[in-house]
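The file structure.txt contains compact mmCIF, C-alpha atoms:
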```txt
# COMPACT_ATOMS: atom_id res chain seq x y z
CA MET A 1 -14.68 5.46 -6.17
CA CYS A 2 -15.29 6.63 -2.60
CA GLY A 3 -17.75 9.47 -2.39
CA THR A 4 -17.45 9.67 1.38
CA CYS A 5 -13.68 10.07 1.49
CA GLY A 6 -13.03 12.33 -1.48
CA CYS A 7 -11.59 9.87 -4.02
CA SER A 8 -14.18 10.95 -6.55
CA ASP A 9 -13.62 14.68 -6.03
CA PRO A 10 -12.71 16.19 -9.42
CA ALA A 11 -10.27 18.51 -7.65
CA ASN A 12 -8.34 15.55 -6.28
CA ALA A 13 -4.96 15.96 -7.94
CA VAL A 14 -2.36 13.24 -7.41
CA SER A 15 1.26 14.36 -7.34
CA LEU A 16 4.60 12.59 -7.25
CA THR A 17 7.76 14.03 -5.67
CA ASP A 18 11.01 13.26 -7.47
CA PRO A 19 13.47 11.52 -5.13
CA GLU A 20 16.48 13.47 -6.43
CA SER A 21 15.30 16.99 -7.08
CA GLY A 22 12.30 17.13 -4.77
CA ALA A 23 10.25 18.54 -7.66
CA GLN A 24 6.59 17.63 -7.78
CA SER A 25 4.71 16.55 -10.88
CA LEU A 26 0.99 16.02 -11.41
CA LEU A 27 0.28 12.38 -12.19
CA ARG A 28 -3.38 12.89 -12.96
CA GLN A 29 -6.54 14.47 -11.76
CA ARG A 30 -9.51 12.25 -11.12
CA ALA A 31 -12.83 12.57 -12.84
CA ALA A 32 -15.82 12.54 -10.55
CA PRO A 33 -18.59 9.94 -10.91
CA GLY A 34 -21.33 11.43 -13.01
CA HIS A 35 -18.82 13.41 -15.05
CA ALA A 36 -16.86 11.00 -17.21
CA HIS A 37 -17.37 12.94 -20.45
CA SER A 38 -14.89 12.71 -23.28
CA HIS A 39 -14.47 16.47 -23.76
CA ALA A 40 -11.42 18.21 -22.32
CA HIS A 41 -11.39 19.34 -18.70
CA GLY A 42 -7.67 19.76 -18.21
CA HIS A 43 -7.25 16.38 -16.56
CA ASP A 44 -6.40 12.89 -17.67
CA HIS A 45 -8.81 10.00 -17.64
CA ASP A 46 -9.57 7.04 -19.85
CA HIS A 47 -12.02 7.89 -22.63
CA ASP A 48 -13.04 4.30 -23.12
CA GLU A 49 -14.71 4.22 -19.70
CA PRO A 50 -18.50 4.48 -19.72
CA HIS A 51 -20.26 7.83 -19.49
CA VAL A 52 -22.04 8.13 -16.19
CA HIS A 53 -24.91 10.53 -15.52
CA GLY A 54 -26.80 9.01 -12.64
CA PRO A 55 -26.58 6.96 -9.48
CA HIS A 56 -27.03 3.29 -8.69
CA GLY A 57 -26.32 0.96 -11.62
CA GLU A 58 -24.39 3.53 -13.63
CA VAL A 59 -22.08 4.33 -10.72
CA ILE A 60 -21.50 0.63 -10.17
CA SER A 61 -20.57 0.30 -13.86
CA LEU A 62 -18.03 3.10 -13.49
CA GLU A 63 -16.54 1.46 -10.39
CA GLN A 64 -16.24 -1.82 -12.25
CA ALA A 65 -14.50 -0.07 -15.14
CA VAL A 66 -12.09 1.70 -12.79
CA LEU A 67 -11.23 -1.54 -11.01
CA ALA A 68 -10.82 -3.40 -14.31
CA ARG A 69 -8.46 -0.72 -15.62
CA ASN A 70 -6.53 -0.79 -12.34
CA ASP A 71 -6.21 -4.58 -12.49
CA GLU A 72 -4.87 -4.37 -16.04
CA ILE A 73 -2.09 -1.99 -14.99
CA ALA A 74 -1.43 -4.02 -11.83
CA ALA A 75 -0.90 -7.12 -13.96
CA ARG A 76 1.71 -5.25 -16.01
CA ASN A 77 3.40 -4.06 -12.81
CA ARG A 78 3.47 -7.61 -11.45
CA SER A 79 4.96 -8.98 -14.66
CA TRP A 80 7.68 -6.31 -14.57
CA PHE A 81 8.53 -7.09 -10.94
CA GLU A 82 8.54 -10.84 -11.45
CA GLY A 83 10.68 -10.64 -14.57
CA ARG A 84 13.38 -8.83 -12.57
CA GLY A 85 13.10 -10.83 -9.38
CA ILE A 86 11.89 -7.79 -7.44
CA LEU A 87 9.93 -8.52 -4.27
CA ALA A 88 7.12 -5.93 -4.11
CA LEU A 89 5.15 -5.71 -0.86
CA ASN A 90 2.11 -3.51 -0.24
CA LEU A 91 2.07 -2.37 3.40
CA VAL A 92 -1.40 -1.40 4.59
CA SER A 93 -2.64 -0.18 7.95
CA SER A 94 -4.65 2.46 9.72
CA PRO A 95 -2.80 5.75 10.40
CA GLY A 96 -0.25 5.53 13.19
CA ALA A 97 0.24 1.75 13.20
CA GLY A 98 3.97 2.21 12.68
CA LYS A 99 4.58 1.32 9.01
CA THR A 100 7.23 3.98 8.47
CA THR A 101 9.13 3.13 11.65
CA LEU A 102 9.04 -0.53 10.64
CA LEU A 103 10.52 0.38 7.26
CA GLU A 104 13.23 2.53 8.86
CA ARG A 105 14.33 -0.32 11.15
CA THR A 106 14.17 -2.80 8.26
CA ILE A 107 16.31 -0.64 5.99
CA GLU A 108 18.89 -0.15 8.73
CA ALA A 109 18.98 -3.89 9.49
CA VAL A 110 19.71 -4.97 5.89
CA ALA A 111 21.98 -2.07 4.92
CA GLY A 112 24.75 -3.26 2.61
CA LYS A 113 23.07 -6.65 2.12
CA ILE A 114 19.71 -6.04 0.45
CA GLU A 115 18.70 -2.97 -1.51
CA ILE A 116 15.29 -1.60 -0.59
CA ALA A 117 13.40 1.13 -2.45
CA VAL A 118 10.21 2.64 -1.06
CA ILE A 119 7.10 4.22 -2.53
CA GLU A 120 5.42 6.38 0.11
CA GLY A 121 1.70 7.12 -0.15
CA ASP A 122 0.15 9.94 1.86
CA GLN A 123 -2.54 12.50 1.24
CA MET A 124 -0.12 15.37 1.91
CA THR A 125 3.54 16.10 2.84
CA ALA A 126 6.76 14.28 1.99
CA ASN A 127 7.63 13.65 5.64
CA ASP A 128 7.70 9.85 5.42
CA ALA A 129 9.79 9.79 2.24
CA GLU A 130 12.31 12.07 3.94
CA ARG A 131 12.47 9.67 6.89
CA ILE A 132 13.07 6.74 4.57
CA ARG A 133 15.87 8.53 2.73
CA ALA A 134 17.46 9.44 6.07
CA ALA A 135 17.38 5.72 6.98
CA GLY A 136 19.42 4.96 3.86
CA ALA A 137 16.98 3.92 1.13
CA ARG A 138 15.76 5.60 -2.03
CA ALA A 139 12.16 6.75 -1.77
CA ILE A 140 9.56 8.54 -3.82
CA GLN A 141 6.50 10.27 -2.41
CA ILE A 142 3.02 10.05 -3.89
CA ASN A 143 0.54 12.58 -2.51
CA THR A 144 -3.03 11.55 -3.23
CA GLY A 145 -4.74 14.77 -2.15
CA ALA A 146 -8.19 13.77 -0.94
CA GLY A 147 -7.66 10.19 -2.15
CA CYS A 148 -7.45 7.44 0.45
CA HIS A 149 -5.38 4.79 -1.37
CA LEU A 150 -2.74 4.19 -4.00
CA GLU A 151 -3.63 2.77 -7.40
CA ALA A 152 -1.66 0.72 -9.90
CA ASP A 153 -0.99 3.57 -12.32
CA MET A 154 0.51 5.67 -9.52
CA VAL A 155 2.86 2.82 -8.65
CA ALA A 156 3.79 2.34 -12.31
CA GLU A 157 4.73 6.00 -12.63
CA ALA A 158 6.71 5.95 -9.38
CA VAL A 159 8.59 2.80 -10.41
CA LYS A 160 9.74 4.51 -13.61
CA LYS A 161 11.49 7.13 -11.49
CA LEU A 162 12.78 4.78 -8.78
CA ASP A 163 13.94 2.11 -11.25
CA PRO A 164 14.58 -0.54 -8.56
CA PRO A 165 17.35 -2.97 -9.54
CA ALA A 166 16.84 -6.66 -10.15
CA GLY A 167 16.77 -8.72 -6.97
CA SER A 168 15.81 -5.79 -4.75
CA ILE A 169 12.82 -5.26 -2.49
CA LEU A 170 10.20 -2.63 -3.27
CA MET A 171 8.16 -1.56 -0.27
CA ILE A 172 4.91 0.26 -1.07
CA GLU A 173 3.64 2.07 2.01
CA ASN A 174 -0.01 2.68 1.22
CA VAL A 175 -2.10 5.56 2.54
CA GLY A 176 -3.24 4.89 6.11
CA ASN A 177 -6.66 3.28 5.57
CA LEU A 178 -8.04 -0.21 6.18
CA VAL A 179 -10.90 0.03 3.66
CA CYS A 180 -10.14 1.06 0.07
CA PRO A 181 -6.60 -0.38 -0.31
CA ALA A 182 -8.14 -3.85 0.02
CA MET A 183 -9.87 -3.33 -3.35
CA PHE A 184 -6.89 -2.08 -5.34
CA ASP A 185 -4.23 -4.46 -6.61
CA LEU A 186 -0.96 -2.61 -7.20
CA GLY A 187 0.94 -5.50 -8.73
CA GLU A 188 2.51 -6.48 -5.41
CA ARG A 189 3.61 -9.97 -4.41
CA MET A 190 1.36 -9.67 -1.35
CA LYS A 191 -0.33 -7.27 1.00
CA VAL A 192 1.13 -7.01 4.50
CA ALA A 193 -1.32 -5.63 7.06
CA VAL A 194 0.17 -3.83 10.05
CA ILE A 195 -1.88 -3.32 13.21
CA SER A 196 -0.67 -1.92 16.51
CA THR A 197 -1.54 -2.96 20.03
CA PRO A 198 -3.13 0.39 21.04
CA GLU A 199 -5.74 -0.15 18.29
CA GLY A 200 -7.23 -3.16 20.11
CA GLU A 201 -7.82 -6.76 19.15
CA ASP A 202 -10.94 -6.28 17.02
CA LYS A 203 -9.46 -4.55 13.97
CA PRO A 204 -9.66 -7.76 11.87
CA LEU A 205 -13.36 -8.10 12.71
CA LYS A 206 -14.10 -4.47 11.89
CA TYR A 207 -12.20 -4.52 8.59
CA PRO A 208 -12.44 -8.13 7.38
CA HIS A 209 -11.93 -7.36 3.68
CA MET A 210 -8.46 -5.98 4.32
CA PHE A 211 -7.40 -8.88 6.51
CA ARG A 212 -8.71 -11.38 3.98
CA ALA A 213 -6.59 -9.66 1.34
CA ALA A 214 -3.41 -9.73 3.44
CA GLU A 215 -1.19 -12.82 3.44
CA LEU A 216 0.81 -11.56 6.41
CA VAL A 217 -0.35 -9.60 9.46
CA LEU A 218 2.21 -7.83 11.63
CA ILE A 219 1.13 -6.96 15.17
CA ASN A 220 3.35 -3.96 15.90
CA LYS A 221 4.11 -2.15 19.18
CA ILE A 222 3.99 -5.40 21.09
CA ASP A 223 6.10 -3.69 23.78
CA LEU A 224 3.04 -1.57 24.62
CA ALA A 225 0.68 -4.53 25.01
CA PRO A 226 0.89 -4.69 28.84
CA HIS A 227 0.21 -0.97 29.10
CA VAL A 228 -2.85 -0.88 26.85
CA GLY A 229 -4.42 -4.20 27.90
CA PHE A 230 -3.87 -5.82 24.52
CA ASP A 231 -4.71 -9.53 24.32
CA GLN A 232 -2.43 -10.99 21.64
CA ALA A 233 -4.04 -14.43 21.64
CA ARG A 234 -7.47 -12.93 21.12
CA CYS A 235 -6.20 -10.74 18.28
CA GLN A 236 -4.69 -13.77 16.55
CA GLU A 237 -7.98 -15.63 16.95
CA ASN A 238 -9.77 -12.71 15.29
CA ILE A 239 -7.29 -12.74 12.42
CA ARG A 240 -7.75 -16.49 11.95
CA SER A 241 -11.52 -16.12 11.98
CA VAL A 242 -11.46 -13.94 8.87
CA HIS A 243 -8.33 -15.41 7.19
CA PRO A 244 -7.29 -18.82 8.53
CA GLU A 245 -4.26 -19.05 6.23
CA ALA A 246 -2.75 -15.67 7.09
CA ALA A 247 0.70 -15.67 8.67
CA VAL A 248 0.93 -13.61 11.87
CA MET A 249 4.01 -12.08 13.51
CA ALA A 250 4.22 -9.94 16.64
CA LEU A 251 7.02 -7.41 16.86
CA SER A 252 8.09 -4.00 18.03
CA ALA A 253 9.79 -1.83 15.45
CA ARG A 254 10.82 0.51 18.26
CA THR A 255 12.55 -2.02 20.55
CA GLY A 256 13.50 -4.62 17.94
CA GLU A 257 11.50 -7.44 19.54
CA GLY A 258 10.36 -9.91 16.87
CA MET A 259 12.26 -8.16 14.06
CA THR A 260 14.39 -11.26 13.45
CA ASP A 261 11.34 -13.21 12.24
CA TRP A 262 10.27 -10.35 9.97
CA LEU A 263 13.74 -10.04 8.42
CA ALA A 264 13.92 -13.80 7.89
CA PHE A 265 10.53 -13.64 6.16
CA LEU A 266 11.83 -10.94 3.81
CA ARG A 267 14.91 -12.98 2.95
CA ARG A 268 12.79 -16.04 2.14
CA GLN A 269 10.39 -14.05 0.01
CA ARG A 270 13.23 -12.31 -1.80
CA LYS A 271 14.83 -15.67 -2.54
CA GLY A 272 11.51 -16.89 -3.90
CA ALA A 273 11.19 -13.82 -6.11
CA ALA A 274 14.64 -14.46 -7.53
CA ALA A 275 13.76 -18.10 -8.21
CA ARG A 276 10.57 -17.13 -10.06
CA ALA A 277 12.53 -14.67 -12.20
```
Do you think you could lay out the structure here as structure tokens?
Amino acid sequence: MCGTCGCSDPANAVSLTDPESGAQSLLRQRAAPGHAHSHAHGHDHDHDEPHVHGPHGEVISLEQAVLARNDEIAARNRSWFEGRGILALNLVSSPGAGKTTLLERTIEAVAGKIEIAVIEGDQMTANDAERIRAAGARAIQINTGAGCHLEADMVAEAVKKLDPPAGSILMIENVGNLVCPAMFDLGERMKVAVISTPEGEDKPLKYPHMFRAAELVLINKIDLAPHVGFDQARCQENIRSVHPEAAVMALSARTGEGMTDWLAFLRRQRKGAAARA
């Protein structure tokens, strides 16, 4: 899909780390645009996708086929979650915005009350999944190699191993990237965009597609705002300019400021998921 970031690299193997044994398994290896032949190459891809041999219109056709296939799997994921009353949230941000710290504090805050399972997406390492397990939740790591986002089939495979119980919350921490994850539905209830005060107020203007796709925007590291000259009102105006209906919360996962509103939001959404089930 993304020739500039490596998603289309044929060597881009996607692996999943088992939460119990730590063993890694190869989910699939992507086929590069211009090489979607049906003969064997030692990797898995859909043979009903169009053959592509050139740029422009043919590449667009392949992208459309990839997105259509992703949406089909995402719809199955969503149906599975909804049928069990599982609240699935897709957390998206640029690297370093504080998604993992937010999840750690959230898991600790609801321990013994709400079960949370986490799918961690990163290009390499299992560091974040280890942090989540240390915080008290089950987690599974997906390493995307050169890929810059999670896709619905990766989530489906991870969910098989995690097997989150009915009525629980599934947090999907996407790869740090504010571009490609906007395009890929994973079957989640909603996307939650996380931005941090050191990034500045203009992130929603620079990456409007992501902020249009997110129903909730969390402004994290609000405790640092005075030190980095962050203008919260201006940031909220920028969010509203690209997505007027988006909910916005300011918090600090490190100090706990604003976490009460976030936790109340999760409880409401979880109750809604149970009602829909």
Which residue of A:Leu266, A:Met210, A:Val217, A:Leu162 approaches A:Cys180 most closely, using only C-alpha atoms: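 Closest to A:Cys180, using only C-alpha atoms: A:Met210.
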Spatial neighbours of A:Val242, 8 Å, all atoms listed in the file, chain gap at least 5 places, as a list of chain:residue names: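 My list of contacting residues is A:Pro204, A:Leu205, A:Pro208, A:Phe211, A:Arg212.
Coordinates place atom CA of A:Met171 at a distance of 18.8 Å from atom CA of A:Arg254.
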Nearest-residue call for A:Gln236, choices A:Gly256, A:Gly83, A:Pro95, A:Gly200, using all atoms listed in the file: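 Using all atoms listed in the file, the shortest distance to A:Gln236 belongs to A:Gly200.
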Distance query A:Ala277 at most 7 Å, all atoms listed in the file, self and fewer than 2 positions along chain excluded, as number ranges by chain: A: 82-85, 273-275
Residues within 10 Å of stretch 87-89 of chain A, only C-alpha atoms, excluding chain neighbours under 3 positions, as a PyMOL selection string: chain A and resi 77-78+81-82+84+92+116-118+166-173+186-192+266-267+269-274
